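Okay, entry_17.cif is below, mmCIF, C-alpha atoms, pLDDT in the B column; chains and numbers go by the auth columns:
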data_input
loop_
_atom_site.group_PDB
_atom_site.id
_atom_site.type_symbol
_atom_site.label_atom_id
_atom_site.label_comp_id
_atom_site.label_asym_id
_atom_site.label_seq_id
_atom_site.Cartn_x
_atom_site.Cartn_y
_atom_site.Cartn_z
_atom_site.B_iso_or_equiv
_atom_site.auth_seq_id
_atom_site.auth_asym_id
ATOM 1 C CA MET A 1 -24.840 11.194 30.618 88.00 1 A
ATOM 2 C CA PRO A 2 -21.114 11.830 30.082 95.00 2 A
ATOM 3 C CA ALA A 3 -19.931 14.733 27.974 97.00 3 A
ATOM 4 C CA ARG A 4 -19.004 13.752 24.432 98.00 4 A
ATOM 5 C CA VAL A 5 -15.650 14.752 22.937 98.00 5 A
ATOM 6 C CA LEU A 6 -14.539 14.290 19.338 98.00 6 A
ATOM 7 C CA VAL A 7 -10.749 13.998 19.023 98.00 7 A
ATOM 8 C CA ALA A 8 -9.821 14.781 15.438 97.00 8 A
ATOM 9 C CA LYS A 9 -6.629 14.863 13.365 96.00 9 A
ATOM 10 C CA PRO A 10 -7.253 17.351 10.530 96.00 10 A
ATOM 11 C CA GLY A 11 -5.086 17.799 7.486 90.00 11 A
ATOM 12 C CA LEU A 12 -2.122 15.765 6.347 88.00 12 A
ATOM 13 C CA ASP A 13 -0.563 15.153 9.760 81.00 13 A
ATOM 14 C CA GLY A 14 -0.028 11.411 10.126 85.00 14 A
ATOM 15 C CA HIS A 15 1.155 11.284 13.739 90.00 15 A
ATOM 16 C CA ASP A 16 -1.591 10.234 16.139 94.00 16 A
ATOM 17 C CA ARG A 17 0.147 8.938 19.266 94.00 17 A
ATOM 18 C CA GLY A 18 -0.510 12.105 21.278 94.00 18 A
ATOM 19 C CA ALA A 19 -4.134 12.292 20.168 96.00 19 A
ATOM 20 C CA LYS A 20 -4.658 8.678 21.200 97.00 20 A
ATOM 21 C CA ILE A 21 -3.091 9.325 24.600 97.00 21 A
ATOM 22 C CA VAL A 22 -5.356 12.343 25.140 98.00 22 A
ATOM 23 C CA ALA A 23 -8.398 10.372 23.962 98.00 23 A
ATOM 24 C CA ARG A 24 -7.620 7.602 26.428 98.00 24 A
ATOM 25 C CA ALA A 25 -7.079 10.063 29.299 98.00 25 A
ATOM 26 C CA LEU A 26 -10.423 11.692 28.562 98.00 26 A
ATOM 27 C CA ARG A 27 -12.136 8.309 28.362 98.00 27 A
ATOM 28 C CA ASP A 28 -10.549 7.236 31.637 98.00 28 A
ATOM 29 C CA ALA A 29 -11.811 10.482 33.197 97.00 29 A
ATOM 30 C CA GLY A 30 -15.391 9.577 32.266 97.00 30 A
ATOM 31 C CA PHE A 31 -15.888 11.336 28.949 97.00 31 A
ATOM 32 C CA GLU A 32 -17.384 9.608 25.940 98.00 32 A
ATOM 33 C CA VAL A 33 -14.709 9.942 23.248 98.00 33 A
ATOM 34 C CA ILE A 34 -14.974 9.566 19.488 98.00 34 A
ATOM 35 C CA PHE A 35 -11.631 9.410 17.647 97.00 35 A
ATOM 36 C CA THR A 36 -11.595 10.184 13.931 95.00 36 A
ATOM 37 C CA GLY A 37 -8.221 8.773 13.028 93.00 37 A
ATOM 38 C CA ILE A 38 -5.615 10.592 10.949 95.00 38 A
ATOM 39 C CA ARG A 39 -5.797 12.777 7.866 95.00 39 A
ATOM 40 C CA GLN A 40 -9.381 13.944 8.227 96.00 40 A
ATOM 41 C CA ARG A 41 -10.951 16.614 6.045 97.00 41 A
ATOM 42 C CA VAL A 42 -12.463 19.579 7.865 98.00 42 A
ATOM 43 C CA GLU A 43 -15.865 18.796 6.331 98.00 43 A
ATOM 44 C CA ALA A 44 -15.732 15.259 7.711 98.00 44 A
ATOM 45 C CA ILE A 45 -14.804 16.511 11.184 98.00 45 A
ATOM 46 C CA VAL A 46 -17.710 18.970 11.184 98.00 46 A
ATOM 47 C CA ALA A 47 -20.156 16.331 9.908 98.00 47 A
ATOM 48 C CA THR A 48 -19.033 13.827 12.547 98.00 48 A
ATOM 49 C CA ALA A 49 -19.263 16.420 15.325 98.00 49 A
ATOM 50 C CA VAL A 50 -22.827 17.274 14.349 98.00 50 A
ATOM 51 C CA GLN A 51 -23.886 13.667 13.763 98.00 51 A
ATOM 52 C CA GLU A 52 -22.402 12.470 17.070 98.00 52 A
ATOM 53 C CA ASP A 53 -23.850 15.471 18.970 97.00 53 A
ATOM 54 C CA VAL A 54 -20.553 16.201 20.708 98.00 54 A
ATOM 55 C CA ASP A 55 -19.937 18.904 23.279 98.00 55 A
ATOM 56 C CA VAL A 56 -16.299 19.505 22.338 98.00 56 A
ATOM 57 C CA VAL A 57 -14.131 19.027 19.259 98.00 57 A
ATOM 58 C CA GLY A 58 -10.485 18.561 20.143 98.00 58 A
ATOM 59 C CA LEU A 59 -8.159 19.159 17.212 98.00 59 A
ATOM 60 C CA SER A 60 -4.721 17.571 17.382 97.00 60 A
ATOM 61 C CA ILE A 61 -2.414 19.384 14.987 96.00 61 A
ATOM 62 C CA LEU A 62 1.336 18.911 14.631 93.00 62 A
ATOM 63 C CA SER A 63 1.709 20.093 11.042 91.00 63 A
ATOM 64 C CA GLY A 64 1.949 23.836 11.595 91.00 64 A
ATOM 65 C CA ALA A 65 -1.406 24.474 9.914 94.00 65 A
ATOM 66 C CA HIS A 66 -3.200 24.977 13.238 96.00 66 A
ATOM 67 C CA LEU A 67 -4.424 28.520 12.539 97.00 67 A
ATOM 68 C CA ALA A 68 -6.032 27.783 9.189 97.00 68 A
ATOM 69 C CA LEU A 69 -7.440 24.383 10.189 97.00 69 A
ATOM 70 C CA THR A 70 -8.930 25.679 13.435 98.00 70 A
ATOM 71 C CA ALA A 71 -10.598 28.611 11.680 98.00 71 A
ATOM 72 C CA ARG A 72 -12.030 26.277 9.041 98.00 72 A
ATOM 73 C CA VAL A 73 -13.452 23.879 11.658 98.00 73 A
ATOM 74 C CA VAL A 74 -14.990 26.724 13.686 98.00 74 A
ATOM 75 C CA ASP A 75 -16.469 28.267 10.523 98.00 75 A
ATOM 76 C CA GLY A 76 -17.774 24.857 9.426 98.00 76 A
ATOM 77 C CA LEU A 77 -19.486 24.279 12.759 98.00 77 A
ATOM 78 C CA ARG A 78 -21.097 27.723 12.588 98.00 78 A
ATOM 79 C CA ALA A 79 -22.297 27.077 9.037 98.00 79 A
ATOM 80 C CA ALA A 80 -23.759 23.751 10.180 98.00 80 A
ATOM 81 C CA GLY A 81 -25.709 25.466 12.960 98.00 81 A
ATOM 82 C CA ALA A 82 -23.446 23.943 15.612 98.00 82 A
ATOM 83 C CA ALA A 83 -21.667 27.020 16.940 97.00 83 A
ATOM 84 C CA ASP A 84 -22.393 25.754 20.461 97.00 84 A
ATOM 85 C CA ILE A 85 -19.795 22.988 20.044 98.00 85 A
ATOM 86 C CA ALA A 86 -16.592 24.124 21.743 98.00 86 A
ATOM 87 C CA VAL A 87 -13.327 23.745 19.814 98.00 87 A
ATOM 88 C CA VAL A 88 -9.996 23.163 21.547 98.00 88 A
ATOM 89 C CA VAL A 89 -6.608 22.679 19.947 98.00 89 A
ATOM 90 C CA GLY A 90 -3.594 20.670 21.008 97.00 90 A
ATOM 91 C CA GLY A 91 -0.257 19.925 19.447 96.00 91 A
ATOM 92 C CA THR A 92 2.723 21.889 18.251 94.00 92 A
ATOM 93 C CA ILE A 93 1.452 25.377 19.038 96.00 93 A
ATOM 94 C CA PRO A 94 3.930 28.248 19.395 96.00 94 A
ATOM 95 C CA GLN A 95 3.035 30.520 22.322 95.00 95 A
ATOM 96 C CA PRO A 96 2.433 33.582 20.071 96.00 96 A
ATOM 97 C CA ASP A 97 -0.278 31.612 18.244 97.00 97 A
ATOM 98 C CA VAL A 98 -2.367 30.894 21.361 97.00 98 A
ATOM 99 C CA ALA A 99 -4.143 34.273 21.201 97.00 99 A
ATOM 100 C CA ARG A 100 -4.564 33.937 17.434 97.00 100 A
ATOM 101 C CA LEU A 101 -6.257 30.562 17.916 98.00 101 A
ATOM 102 C CA GLY A 102 -8.589 32.198 20.436 97.00 102 A
ATOM 103 C CA ALA A 103 -9.417 34.884 17.884 97.00 103 A
ATOM 104 C CA ALA A 104 -10.152 32.114 15.366 97.00 104 A
ATOM 105 C CA GLY A 105 -12.692 30.624 17.778 98.00 105 A
ATOM 106 C CA ALA A 106 -10.778 28.073 19.846 98.00 106 A
ATOM 107 C CA VAL A 107 -11.781 28.177 23.513 98.00 107 A
ATOM 108 C CA GLY A 108 -8.836 26.133 24.725 97.00 108 A
ATOM 109 C CA VAL A 109 -5.250 25.590 23.636 98.00 109 A
ATOM 110 C CA PHE A 110 -3.108 22.752 24.962 98.00 110 A
ATOM 111 C CA PRO A 111 0.412 22.852 23.480 97.00 111 A
ATOM 112 C CA THR A 112 2.568 19.730 23.296 95.00 112 A
ATOM 113 C CA GLY A 113 3.758 18.868 26.793 95.00 113 A
ATOM 114 C CA THR A 114 0.602 20.007 28.596 97.00 114 A
ATOM 115 C CA PRO A 115 0.026 17.547 31.456 98.00 115 A
ATOM 116 C CA LEU A 116 -2.914 15.212 30.836 98.00 116 A
ATOM 117 C CA ASP A 117 -4.629 16.236 34.067 97.00 117 A
ATOM 118 C CA VAL A 118 -4.602 19.854 32.854 98.00 118 A
ATOM 119 C CA VAL A 119 -6.224 18.790 29.569 98.00 119 A
ATOM 120 C CA VAL A 120 -8.871 16.770 31.429 98.00 120 A
ATOM 121 C CA GLN A 121 -9.563 19.668 33.814 97.00 121 A
ATOM 122 C CA GLY A 122 -9.848 22.065 30.890 97.00 122 A
ATOM 123 C CA ILE A 123 -12.329 19.884 29.020 97.00 123 A
ATOM 124 C CA ARG A 124 -14.270 19.245 32.230 97.00 124 A
ATOM 125 C CA ALA A 125 -14.494 23.009 32.833 95.00 125 A
ATOM 126 C CA LEU A 126 -15.879 23.498 29.334 96.00 126 A
ATOM 127 C CA THR A 127 -18.424 20.713 29.561 95.00 127 A
ATOM 128 C CA ASP A 128 -19.504 21.683 33.080 88.00 128 A
ATOM 129 C CA ARG A 129 -19.867 25.240 31.807 49.00 129 A
ATOM 130 C CA GLU A 130 -17.624 26.420 34.649 42.00 130 A
ATOM 131 C CA SER A 131 -15.465 28.556 32.408 41.00 131 A
ATOM 132 C CA PRO A 132 -16.058 30.339 29.106 41.00 132 A
ATOM 133 C CA CYS A 133 -12.407 30.027 28.131 45.00 133 A
ATOM 134 C CA VAL A 134 -9.582 27.683 28.970 43.00 134 A
ATOM 135 C CA SER A 135 -6.088 28.584 27.913 47.00 135 A
ATOM 136 C CA VAL A 136 -2.799 27.003 28.838 43.00 136 A
#
Encoded form using structure tokens:
Amino acid sequence: MPARVLVAKPGLDGHDRGAKIVARALRDAGFEVIFTGIRQRVEAIVATAVQEDVDVVGLSILSGAHLALTARVVDGLRAAGAADIAVVVGGTIPQPDVARLGAAGAVGVFPTGTPLDVVVQGIRALTDRESPCVSV
């Protein structure tokens, strides 16, 4: 059974081209991908992740609200009893924020421009349980 990945666009960010490209690359690599579409509430992302029994939630954030949104998703998953779902973040992420996202609970950070094969390898490492943390 392929690993399941939820690709989500939280907050008010309306740009989804990158998230769709990542979703397609993951699908082409053999993952089962669920894409939420744009402008999703954190509560909806958490509910979908739990309902779909995903292994990874990938947050695509270009709005600059990556720290707050990531923390809210991680906290929501914990509150829902789904702390075992890994959270990764991609998008416009300044290098100084990578460690802060890790402290907020993200296990992988893929800033804009990360090659797709690196993203796929990172998600594969998480779902194969080869690595407790992936950071780019």
Determine, counting only C-alpha atoms, which protein, DNA and RNA residues have an atom within 7 Å of an atom of Val57 (chain A); residues of the same chain fewer than 5 positions away are not included. Present the result as a tab-separated table (two decimals) with C-alpha atoms, in the frame of the given file.
chain	number	residue	atom	x	y	z
A	5	VAL	CA	-15.65	14.75	22.94
A	6	LEU	CA	-14.54	14.29	19.34
A	7	VAL	CA	-10.75	14.00	19.02
A	49	ALA	CA	-19.26	16.42	15.32
A	85	ILE	CA	-19.80	22.99	20.04
A	86	ALA	CA	-16.59	24.12	21.74
A	87	VAL	CA	-13.33	23.74	19.81
A	88	VAL	CA	-10.00	23.16	21.55
message: With only C-alpha atoms as the counted atoms, please give the residues lying no more than 7 Å from region 90-105 of chain A, apart from itself and same-chain residues fewer than 2 positions off, as a list in words.
response: Leu59, Ser60, Ile61, Leu62, Gly64, Leu67, Thr70, Ala71, Val74, Val88, Val107, Val109, Phe110, Pro111 and Thr112 of chain A
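Residue nearest Ala80 (chain A) within the list A:His66, A:Ala44, A:Lys20, A:Ala106: A:Ala44 [criterion: smallest interatomic distance, all atoms listed in the file].
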task: I need the residue set behind the PyMOL selection byres ((chain A and resi 40) around 7) for this file; please write it as a list in words.
output: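 For this structure, the PyMOL selection byres ((chain A and resi 40) around 7) resolves to Lys9, Pro10, Gly11, Ile38, Arg39, Arg41, Val42, Ala44 and Ile45 of chain A.
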Provide an axis-aligned box for all listed atoms of region 7-23 of chain A, padding each side by 5 Å; report its centre and its edge lengths in Å to one decimal, as AutoDock Vina command-line options.
--center_x -4.8 --center_y 13.2 --center_z 15.7 --size_x 21.9 --size_y 19.1 --size_z 28.8
task: Select, from A:Ala65, A:Arg17, A:Asp84, A:Ala25, the residue with the minimum atom-to-atom distance to Thr127 (chain A), counting only C-alpha atoms.
output: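 Among A:Ala65, A:Arg17, A:Asp84, A:Ala25, it is A:Asp84 that comes nearest to Thr127 (chain A).
Comparing A:Ile21, A:Leu26, A:Ala8, A:Val73 by their smallest distance to Gly58 (chain A), the closest is A:Ala8 (using only C-alpha atoms).
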field: Arg24 (chain A) environment, 10 Å, only C-alpha atoms, sequence neighbours closer than 5 positions dropped, as a ChimeraX atom specification
entry: /A:18-19,29-33,35,116
query: From the list A:Arg4, A:Val22, A:Asp75, A:Asp13, which residue is nearest Gln51 (chain A) when using all atoms listed in the file?
result: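 Under the stated criterion, the closest residue is A:Arg4.
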